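Peer 1: Data file target_29.csv (CSV, C-alpha atoms (C1' of nucleotides)) is appended below.
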```csv
chain,number,residue,atom,x,y,z
F,1,MET,CA,-8.1,-25.7,23.0
F,2,ILE,CA,-4.9,-24.9,21.3
F,3,TYR,CA,-4.4,-24.2,17.6
F,4,THR,CA,-1.5,-24.1,15.2
F,5,VAL,CA,-0.9,-21.1,12.9
F,6,GLY,CA,-2.6,-22.9,10.0
F,7,GLU,CA,-5.7,-23.7,12.0
F,8,VAL,CA,-6.1,-20.1,13.1
F,9,ALA,CA,-5.4,-18.9,9.6
F,10,LYS,CA,-8.3,-21.0,8.3
F,11,GLN,CA,-10.6,-20.0,11.1
F,12,LEU,CA,-10.0,-16.2,10.6
F,13,ASN,CA,-9.7,-16.6,6.8
F,14,VAL,CA,-6.3,-15.0,6.6
F,15,ALA,CA,-3.0,-16.5,5.2
F,16,ALA,CA,-0.8,-18.2,7.8
F,17,SER,CA,2.1,-16.1,6.5
F,18,THR,CA,0.1,-13.0,7.5
F,19,LEU,CA,-0.1,-14.3,11.1
F,20,ARG,CA,3.6,-15.0,11.1
F,21,TYR,CA,4.2,-11.6,9.7
F,22,TYR,CA,2.1,-10.0,12.5
F,23,ASP,CA,4.1,-12.0,15.0
F,24,LYS,CA,7.4,-10.8,13.5
F,25,GLU,CA,6.2,-7.2,13.7
F,26,GLY,CA,5.4,-7.7,17.4
F,27,LEU,CA,1.7,-7.8,17.3
F,28,LEU,CA,1.4,-11.1,19.1
F,29,PRO,CA,3.7,-10.8,22.2
F,30,PHE,CA,1.4,-13.0,24.1
F,31,LEU,CA,1.9,-16.0,21.8
F,32,GLU,CA,3.5,-19.0,23.4
F,33,ARG,CA,5.6,-21.7,21.6
F,34,SER,CA,5.8,-25.5,21.9
F,35,GLY,CA,9.0,-27.1,23.0
F,36,GLY,CA,9.9,-27.5,19.3
F,37,GLY,CA,9.2,-23.9,18.5
F,38,MET,CA,5.7,-24.1,17.0
F,39,ARG,CA,3.3,-21.3,17.7
F,40,MET,CA,0.5,-22.3,20.0
F,41,PHE,CA,-2.6,-20.1,19.8
F,42,LYS,CA,-4.8,-20.1,22.9
F,43,GLU,CA,-8.5,-19.3,22.9
F,44,GLU,CA,-7.7,-15.9,24.5
F,45,ASP,CA,-5.2,-15.2,21.6
F,46,LEU,CA,-8.1,-15.4,19.2
F,47,SER,CA,-9.7,-12.5,21.1
F,48,TRP,CA,-6.5,-10.5,20.6
F,49,LEU,CA,-6.6,-11.3,16.9
F,50,LYS,CA,-10.2,-10.0,16.8
F,51,THR,CA,-9.0,-6.8,18.4
F,52,ILE,CA,-6.1,-6.6,15.9
F,53,GLU,CA,-8.6,-7.2,13.0
F,54,CYS,CA,-10.8,-4.4,14.3
F,55,LEU,CA,-8.0,-1.9,14.4
F,56,LYS,CA,-6.7,-3.0,11.1
F,57,LYS,CA,-10.1,-2.9,9.4
F,58,THR,CA,-10.5,0.6,10.6
F,59,GLY,CA,-7.3,1.7,9.1
F,60,MET,CA,-4.8,1.6,11.9
F,61,PRO,CA,-1.2,1.0,10.7
F,62,ILE,CA,0.6,-2.1,11.9
F,63,LYS,CA,3.0,0.0,14.0
F,64,ASP,CA,0.3,1.7,15.8
F,65,ILE,CA,-1.5,-1.6,16.5
F,66,LYS,CA,1.8,-2.8,17.9
F,67,HIS,CA,2.0,0.2,20.2
F,68,PHE,CA,-1.5,-0.4,21.4
F,69,ILE,CA,-0.8,-4.1,22.1
F,70,ASP,CA,2.4,-3.1,23.9
F,71,CYS,CA,0.4,-0.8,26.1
F,72,CYS,CA,-2.0,-3.6,26.9
F,73,MET,CA,0.9,-5.8,27.9
F,74,LYS,CA,2.0,-3.2,30.4
F,75,GLY,CA,-1.3,-3.5,32.2
F,76,ASP,CA,-3.1,-1.1,34.4
F,77,SER,CA,-0.4,1.6,34.3
F,78,LYS,CA,-1.4,2.2,30.6
F,79,ILE,CA,-5.1,2.4,31.0
F,80,ASP,CA,-5.2,6.1,30.2
F,81,GLU,CA,-3.2,5.7,27.0
F,82,ARG,CA,-5.2,2.6,25.9
F,83,LEU,CA,-8.4,4.6,26.4
F,84,SER,CA,-7.2,7.5,24.4
F,85,ILE,CA,-5.9,5.4,21.5
F,86,ILE,CA,-9.3,3.6,21.3
F,87,GLU,CA,-11.2,6.9,21.6
F,88,SER,CA,-9.3,8.5,18.8
F,89,GLN,CA,-9.7,5.4,16.6
F,90,ARG,CA,-13.4,5.5,17.3
F,91,ASP,CA,-13.5,9.2,16.3
F,92,ALA,CA,-11.6,8.4,13.1
F,93,VAL,CA,-14.1,5.7,12.3
F,94,ILE,CA,-17.0,8.0,12.8
F,95,LYS,CA,-15.4,10.6,10.5
F,96,LYS,CA,-14.6,8.0,7.9
F,97,MET,CA,-18.2,6.7,8.0
F,98,GLU,CA,-19.5,10.2,7.4
F,99,GLU,CA,-17.2,10.5,4.4
F,100,MET,CA,-18.4,7.1,3.2
F,101,GLN,CA,-22.0,8.3,3.4
F,102,GLU,CA,-21.2,11.3,1.3
F,103,MET,CA,-19.5,9.0,-1.3
F,104,LEU,CA,-22.5,6.7,-1.2
F,105,ASP,CA,-24.8,9.6,-1.9
F,106,MET,CA,-22.7,10.5,-4.9
F,107,LEU,CA,-22.7,6.9,-6.1
F,108,ASN,CA,-26.5,6.7,-5.7
F,109,PHE,CA,-26.8,9.8,-7.8
F,110,LYS,CA,-24.6,8.2,-10.5
F,111,VAL,CA,-26.7,5.0,-10.4
F,112,TRP,CA,-29.8,7.2,-11.0
F,113,TYR,CA,-27.9,9.1,-13.7
F,114,TYR,CA,-27.0,6.0,-15.6
F,115,GLU,CA,-30.3,4.2,-15.1
F,116,THR,CA,-32.1,7.1,-16.7
F,117,ALA,CA,-29.5,7.4,-19.4
F,118,LYS,CA,-29.7,3.7,-20.1
F,119,GLU,CA,-33.5,4.0,-20.5
F,120,ALA,CA,-33.1,7.0,-22.8
F,121,GLY,CA,-30.2,5.3,-24.7
F,122,THR,CA,-28.0,8.3,-24.2
F,123,CYS,CA,-26.4,10.4,-21.5
F,124,SER,CA,-27.3,13.6,-23.3
F,125,ILE,CA,-30.6,13.6,-21.5
F,126,HIS,CA,-28.6,15.0,-18.7
F,127,ASP,CA,-27.0,17.8,-20.7
F,128,PRO,CA,-27.7,21.3,-19.3
F,129,ASP,CA,-29.9,22.1,-22.3
F,130,ASN,CA,-32.2,19.1,-21.9
F,131,VAL,CA,-32.5,19.0,-18.2
F,132,GLN,CA,-35.4,20.5,-16.3
F,133,LEU,CA,-34.6,20.6,-12.6
F,134,GLY,CA,-38.1,19.5,-11.8
F,135,ASN,CA,-37.4,16.1,-13.3
F,136,ILE,CA,-34.5,15.5,-11.1
F,137,PRO,CA,-35.0,13.9,-7.6
F,138,LYS,CA,-34.3,16.6,-5.0
F,139,GLU,CA,-31.6,14.6,-3.3
F,140,TYR,CA,-29.5,14.7,-6.5
F,141,HIS,CA,-29.7,18.4,-7.1
F,142,LYS,CA,-26.3,19.0,-5.4
F,143,PHE,CA,-24.7,16.6,-7.9
F,144,ILE,CA,-25.9,18.2,-11.2
F,145,ASN,CA,-23.0,19.2,-13.4
F,146,GLU,CA,-20.9,16.3,-11.9
F,147,LYS,CA,-19.2,14.0,-14.4
P,1,MET,CA,-11.6,29.5,-15.8
P,2,ILE,CA,-8.5,27.5,-16.4
P,3,TYR,CA,-6.1,26.2,-13.7
P,4,THR,CA,-2.6,24.8,-13.6
P,5,VAL,CA,-1.7,21.6,-11.9
P,6,GLY,CA,-0.5,23.5,-8.8
P,7,GLU,CA,-3.7,25.5,-8.5
P,8,VAL,CA,-5.9,22.4,-8.8
P,9,ALA,CA,-3.6,20.6,-6.3
P,10,LYS,CA,-4.1,23.4,-3.8
P,11,GLN,CA,-7.9,23.5,-4.4
P,12,LEU,CA,-8.3,19.7,-3.9
P,13,ASN,CA,-5.7,19.5,-1.2
P,14,VAL,CA,-3.6,16.9,-3.0
P,15,ALA,CA,0.0,17.0,-4.1
P,16,ALA,CA,0.7,18.2,-7.7
P,17,SER,CA,2.8,15.1,-8.2
P,18,THR,CA,-0.3,13.0,-7.4
P,19,LEU,CA,-2.2,14.7,-10.2
P,20,ARG,CA,0.7,14.2,-12.6
P,21,TYR,CA,0.8,10.5,-11.5
P,22,TYR,CA,-2.9,10.1,-12.2
P,23,ASP,CA,-2.4,11.7,-15.6
P,24,LYS,CA,0.4,9.3,-16.3
P,25,GLU,CA,-1.7,6.4,-15.3
P,26,GLY,CA,-4.4,7.5,-17.8
P,27,LEU,CA,-7.0,8.8,-15.3
P,28,LEU,CA,-7.2,12.2,-17.0
P,29,PRO,CA,-7.5,11.5,-20.8
P,30,PHE,CA,-9.7,14.6,-21.1
P,31,LEU,CA,-6.9,17.0,-20.0
P,32,GLU,CA,-5.7,19.5,-22.6
P,33,ARG,CA,-2.3,21.1,-22.8
P,34,SER,CA,-1.1,24.6,-23.6
P,35,GLY,CA,1.1,25.1,-26.6
P,36,GLY,CA,4.1,24.9,-24.3
P,37,GLY,CA,3.0,21.5,-22.8
P,38,MET,CA,1.5,22.8,-19.6
P,39,ARG,CA,-1.6,20.9,-18.3
P,40,MET,CA,-4.7,23.1,-18.4
P,41,PHE,CA,-7.6,22.1,-16.1
P,42,LYS,CA,-11.0,23.2,-17.1
P,43,GLU,CA,-14.0,23.6,-14.7
P,44,GLU,CA,-15.4,20.4,-16.1
P,45,ASP,CA,-12.1,18.6,-15.3
P,46,LEU,CA,-12.6,19.4,-11.6
P,47,SER,CA,-15.9,17.4,-11.8
P,48,TRP,CA,-14.0,14.5,-13.2
P,49,LEU,CA,-11.5,14.8,-10.4
P,50,LYS,CA,-14.4,14.7,-7.9
P,51,THR,CA,-15.6,11.5,-9.5
P,52,ILE,CA,-12.1,10.1,-9.3
P,53,GLU,CA,-11.8,11.1,-5.6
P,54,CYS,CA,-15.2,9.4,-4.9
P,55,LEU,CA,-14.0,6.1,-6.5
P,56,LYS,CA,-10.6,6.4,-4.8
P,57,LYS,CA,-12.1,7.1,-1.3
P,58,THR,CA,-14.3,4.1,-1.7
P,59,GLY,CA,-11.4,1.9,-2.3
P,60,MET,CA,-11.4,1.4,-6.1
P,61,PRO,CA,-7.8,0.8,-7.4
P,62,ILE,CA,-6.3,3.2,-9.9
P,63,LYS,CA,-6.5,0.7,-12.7
P,64,ASP,CA,-10.2,0.2,-12.3
P,65,ILE,CA,-10.8,3.9,-12.1
P,66,LYS,CA,-8.9,4.2,-15.4
P,67,HIS,CA,-11.2,1.6,-16.9
P,68,PHE,CA,-14.3,3.5,-15.8
P,69,ILE,CA,-13.0,6.8,-17.2
P,70,ASP,CA,-12.1,5.0,-20.4
P,71,CYS,CA,-15.7,3.8,-20.6
P,72,CYS,CA,-16.9,7.3,-20.0
P,73,MET,CA,-14.8,8.6,-22.9
P,74,LYS,CA,-16.4,6.0,-25.2
P,75,GLY,CA,-19.7,7.6,-24.6
P,76,ASP,CA,-23.2,6.2,-24.9
P,77,SER,CA,-22.1,2.8,-26.2
P,78,LYS,CA,-20.7,2.1,-22.7
P,79,ILE,CA,-23.7,3.2,-20.5
P,80,ASP,CA,-24.4,-0.4,-19.5
P,81,GLU,CA,-20.9,-1.0,-18.3
P,82,ARG,CA,-20.6,2.4,-16.6
P,83,LEU,CA,-23.9,1.6,-14.7
P,84,SER,CA,-22.8,-1.8,-13.6
P,85,ILE,CA,-19.4,-0.5,-12.4
P,86,ILE,CA,-21.0,2.2,-10.3
P,87,GLU,CA,-23.7,-0.2,-9.0
P,88,SER,CA,-21.1,-2.7,-7.9
P,89,GLN,CA,-19.0,0.1,-6.3
P,90,ARG,CA,-22.1,1.3,-4.4
P,91,ASP,CA,-22.8,-2.2,-3.2
P,92,ALA,CA,-19.2,-2.5,-2.0
P,93,VAL,CA,-19.5,0.8,-0.1
P,94,ILE,CA,-22.7,-0.4,1.6
P,95,LYS,CA,-21.0,-3.6,2.6
P,96,LYS,CA,-18.0,-1.7,3.9
P,97,MET,CA,-20.2,0.7,5.9
P,98,GLU,CA,-21.8,-2.3,7.5
P,99,GLU,CA,-18.5,-3.7,8.5
P,100,MET,CA,-17.4,-0.3,9.7
P,101,GLN,CA,-20.5,-0.1,11.9
P,102,GLU,CA,-19.6,-3.5,13.5
P,103,MET,CA,-16.1,-2.2,14.1
P,104,LEU,CA,-17.5,1.0,15.6
P,105,ASP,CA,-19.7,-1.1,18.0
P,106,MET,CA,-16.6,-2.9,19.1
P,107,LEU,CA,-14.6,0.3,19.6
P,108,ASN,CA,-17.5,1.8,21.6
P,109,PHE,CA,-17.4,-1.3,23.8
P,110,LYS,CA,-13.7,-0.8,24.3
P,111,VAL,CA,-14.2,2.8,25.2
P,112,TRP,CA,-16.7,1.8,27.9
P,113,TYR,CA,-14.3,-1.0,29.0
P,114,TYR,CA,-11.5,1.5,29.5
P,115,GLU,CA,-13.6,4.3,30.9
P,116,THR,CA,-14.9,2.0,33.6
P,117,ALA,CA,-11.4,0.5,34.1
P,118,LYS,CA,-9.9,3.9,34.4
P,119,GLU,CA,-12.5,4.9,37.1
P,120,ALA,CA,-11.7,1.7,39.0
P,121,GLY,CA,-8.0,2.1,38.5
P,122,THR,CA,-7.7,-1.4,37.1
P,123,CYS,CA,-8.8,-3.6,34.2
P,124,SER,CA,-9.4,-6.5,36.6
P,125,ILE,CA,-12.9,-5.2,37.3
P,126,HIS,CA,-13.7,-6.8,33.9
P,127,ASP,CA,-12.2,-10.2,34.9
P,128,PRO,CA,-14.8,-13.1,34.6
P,129,ASP,CA,-14.7,-13.5,38.5
P,130,ASN,CA,-15.6,-9.9,39.2
P,131,VAL,CA,-18.1,-9.3,36.5
P,132,GLN,CA,-21.8,-9.5,37.0
P,133,LEU,CA,-23.5,-9.4,33.6
P,134,GLY,CA,-26.2,-7.2,35.1
P,135,ASN,CA,-23.7,-4.4,35.4
P,136,ILE,CA,-22.8,-4.5,31.8
P,137,PRO,CA,-24.8,-2.4,29.3
P,138,LYS,CA,-26.8,-4.9,27.2
P,139,GLU,CA,-25.3,-3.7,23.9
P,140,TYR,CA,-21.8,-4.8,25.1
P,141,HIS,CA,-22.8,-8.3,26.1
P,142,LYS,CA,-21.6,-9.8,22.8
P,143,PHE,CA,-18.1,-8.4,23.4
P,144,ILE,CA,-17.5,-9.8,26.9
P,145,ASN,CA,-14.4,-12.0,26.9
P,146,GLU,CA,-12.8,-9.8,24.2
P,147,LYS,CA,-9.3,-8.5,24.7
A,1,DC,C1',10.7,-45.7,12.5
A,2,DT,C1',9.4,-43.7,8.3
A,3,DA,C1',6.5,-40.8,5.7
A,4,DC,C1',4.4,-36.7,5.1
A,5,DA,C1',1.9,-32.6,6.0
A,6,DT,C1',2.8,-28.7,8.4
A,7,DC,C1',5.6,-26.1,10.8
A,8,DT,C1',10.1,-22.9,11.4
A,9,DT,C1',13.3,-18.9,9.8
A,10,DA,C1',15.6,-15.2,7.1
A,11,DA,C1',15.6,-13.0,3.1
A,12,DA,C1',14.0,-11.7,-1.1
A,13,DG,C1',10.1,-10.4,-3.9
A,14,DT,C1',5.6,-8.1,-5.0
A,15,DA,C1',2.0,-4.6,-5.6
A,16,DA,C1',-0.1,-0.3,-5.0
A,17,DA,C1',0.1,4.4,-4.7
A,18,DC,C1',2.5,7.7,-4.5
A,19,DT,C1',7.0,10.9,-3.9
A,20,DT,C1',11.4,12.6,-5.0
A,21,DT,C1',15.1,13.8,-8.0
A,22,DA,C1',17.4,15.9,-11.7
A,23,DA,C1',17.6,18.2,-15.7
A,24,DG,C1',15.5,21.2,-18.3
A,25,DT,C1',11.2,24.4,-20.2
A,26,DC,C1',7.5,27.8,-19.7
A,27,DA,C1',5.4,32.1,-18.7
A,28,DA,C1',4.4,36.1,-16.0
A,29,DT,C1',6.8,40.4,-13.9
A,30,DG,C1',9.8,44.3,-13.5
L,1,DC,C1',14.9,40.6,-22.0
L,2,DA,C1',16.4,38.7,-17.8
L,3,DT,C1',14.8,36.7,-13.6
L,4,DT,C1',12.1,33.6,-11.1
L,5,DG,C1',8.7,30.5,-9.6
L,6,DA,C1',6.0,26.9,-11.5
L,7,DC,C1',5.9,23.8,-14.9
L,8,DT,C1',7.7,19.5,-17.8
L,9,DT,C1',9.6,14.5,-18.1
L,10,DA,C1',11.7,9.9,-17.0
L,11,DA,C1',13.5,7.4,-13.7
L,12,DA,C1',14.5,6.0,-9.3
L,13,DG,C1',13.0,5.8,-4.5
L,14,DT,C1',9.7,5.1,-0.6
L,15,DT,C1',6.2,3.0,2.3
L,16,DT,C1',3.0,-0.4,3.7
L,17,DA,C1',1.6,-4.8,4.1
L,18,DC,C1',2.1,-8.6,2.8
L,19,DT,C1',3.8,-13.1,0.0
L,20,DT,C1',7.1,-16.2,-1.7
L,21,DT,C1',11.1,-18.9,-1.5
L,22,DA,C1',14.4,-22.1,0.2
L,23,DA,C1',16.2,-24.9,3.4
L,24,DG,C1',15.4,-27.2,7.2
L,25,DA,C1',12.7,-28.9,11.7
L,26,DT,C1',8.4,-30.8,14.0
L,27,DG,C1',4.9,-33.8,14.9
L,28,DT,C1',1.4,-37.2,13.9
L,29,DA,C1',-0.4,-41.4,11.5
L,30,DG,C1',0.6,-45.9,10.0
```
Would you mind giving the structure from this file in structure tokens?
Peer 2:
Amino acid sequence: MIYTVGEVAKQLNVAASTLRYYDKEGLLPFLERSGGGMRMFKEEDLSWLKTIECLKKTGMPIKDIKHFIDCCMKGDSKIDERLSIIESQRDAVIKKMEEMQEMLDMLNFKVWYYETAKEAGTCSIHDPDNVQLGNIPKEYHKFINEK
Amino acid sequence: MIYTVGEVAKQLNVAASTLRYYDKEGLLPFLERSGGGMRMFKEEDLSWLKTIECLKKTGMPIKDIKHFIDCCMKGDSKIDERLSIIESQRDAVIKKMEEMQEMLDMLNFKVWYYETAKEAGTCSIHDPDNVQLGNIPKEYHKFINEK
DNA sequence: CTACATCTTAAAGTAAACTTTAAGTCAATG
DNA sequence: CATTGACTTAAAGTTTACTTTAAGATGTAG
């Protein structure tokens, strides 16, 4: 099956102009064209787009994605580099997820902070004077005095 | 203790110009100035900066952070809105972490793909002809045929 | 064969989040 | 009280990742 840029755009829920932009930036060197110059996406190309999406969603800049794709196009001679790019991206994702977990902990504290304040009708129940540590869930102790 | 913009920048590992930019954008309405016009960061202001950092790291745009801070400045009358802002940010973080986990799964598959290819000296061991599903770890089955 | 939606390009425009520059002021030290 | 490093501002510049525009070509349906 072969798709036009608009069909792929709809399938992947991105703008067609975005796919054209990726192509212009060299992210789609595998793409073939019709006699008239139309982009023709093959089934396999959708897999490439999934890979690009994965790298993009994990924060890799377009230029670095291009570099990775270029390595892929060079075949087996670049296996080492391809592996190390993916490994370091994986490590970056793990680090980012750890950070996200910390931020989530903080947001959960704030939800608790505002739920209890809402119930009391005032944030002042959290003022140092009015707070007894015993009333605060243990997991939030590290956040007291946060704004 | 009171800190200058440069001292806070160093502590939080951001550029002083970034803090000035945040101030200009209205993220720091609590900030006081010295007689000569210098920004004076109080201990409590560092807590605000931690909150801003949390919202920023979880992808909230500057304008939305400003709106949240503005709500905070309005006090108890805005508890409901403050709660719902934080709740929806928490939900967004949970969703993002789920997405990140999927991307991590894919990257782990790719690490396996390239480690085995490296060992074999060629990616062709993963070609449909050469692959027996039994040799592929179960958790990677959903990724076969990915580029 | 004619519409007509969809495609093509290059170039310009946009938005967000800073960063840099330039000209000048503040405040701590000797 | 002069020096010096850090501060102040407004305004312009940068980067990234698109999006929009304009003019024209393609390809499919009737």
Peer 1: For Ile94 of chain F, find every residue with an atom within 12 Å (counting all atoms listed in the file), except residues of its own chain fewer than 2 positions away, and show them as a PyMOL selection string.
Peer 2: (chain F and resi 58+87-92+96-101) or (chain P and resi 97+100-105+107-108)
Peer 1: Write out as a PyMOL selection string the residues lying within 12 Å of segment 109-126 of chain P, counting only C-alpha atoms (C1' of nucleotides) and excluding same-chain residues fewer than 5 positions away.
Peer 2: (chain F and resi 51+54-55+72-91) or (chain P and resi 102-104+131-133+135-147)
Peer 1: Pick from A:DA12, A:DC1, A:DA23, A:DC7: nearest to Thr4 of chain F, with all atoms listed in the file counted?
Peer 2: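 Closest residue, counting all atoms listed in the file: A:DC7.
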Peer 1: Do you have, as a Markdown table, the list of residues of chain F lying at most 8 Å from chain L, each with its nearest atom pair and that distance in Å to one decimal, counting all atoms listed in the file and ordered by chain then number?
Peer 2:
```
| residue | atom | partner | partner_atom | distance |
| --- | --- | --- | --- | --- |
| F:Ser17 | CA | L:DT19 | C1' | 7.4 |
| F:Thr18 | CA | L:DC18 | C1' | 6.7 |
| F:Tyr21 | CA | L:DC18 | C1' | 7.8 |
| F:Gly36 | CA | L:DT26 | C1' | 6.4 |
| F:Met38 | CA | L:DT26 | C1' | 7.8 |
```
Peer 1: Given the selection you just returned, output its residues as a file containing C-alpha atoms, formatted as a short mmCIF file (atom, residue, chain, number, x, y, z; two decimals), keeping the file's coordinate frame.
Peer 2:
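Writing the result to again16.cif gives the following:
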```cif
data_model
loop_
_atom_site.label_atom_id
_atom_site.label_comp_id
_atom_site.auth_asym_id
_atom_site.auth_seq_id
_atom_site.Cartn_x
_atom_site.Cartn_y
_atom_site.Cartn_z
CA SER F 17 2.10 -16.10 6.50
CA THR F 18 0.10 -13.00 7.50
CA TYR F 21 4.20 -11.60 9.70
CA GLY F 36 9.90 -27.50 19.30
CA MET F 38 5.70 -24.10 17.00
#
```
Peer 1: Quote the spacing between atom CA of Phe41 of chain P and atom CA of Ile2 of chain P in Å to one decimal place.
Peer 2: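 Separation of atom CA of Phe41 of chain P and atom CA of Ile2 of chain P: 5.5 Å.
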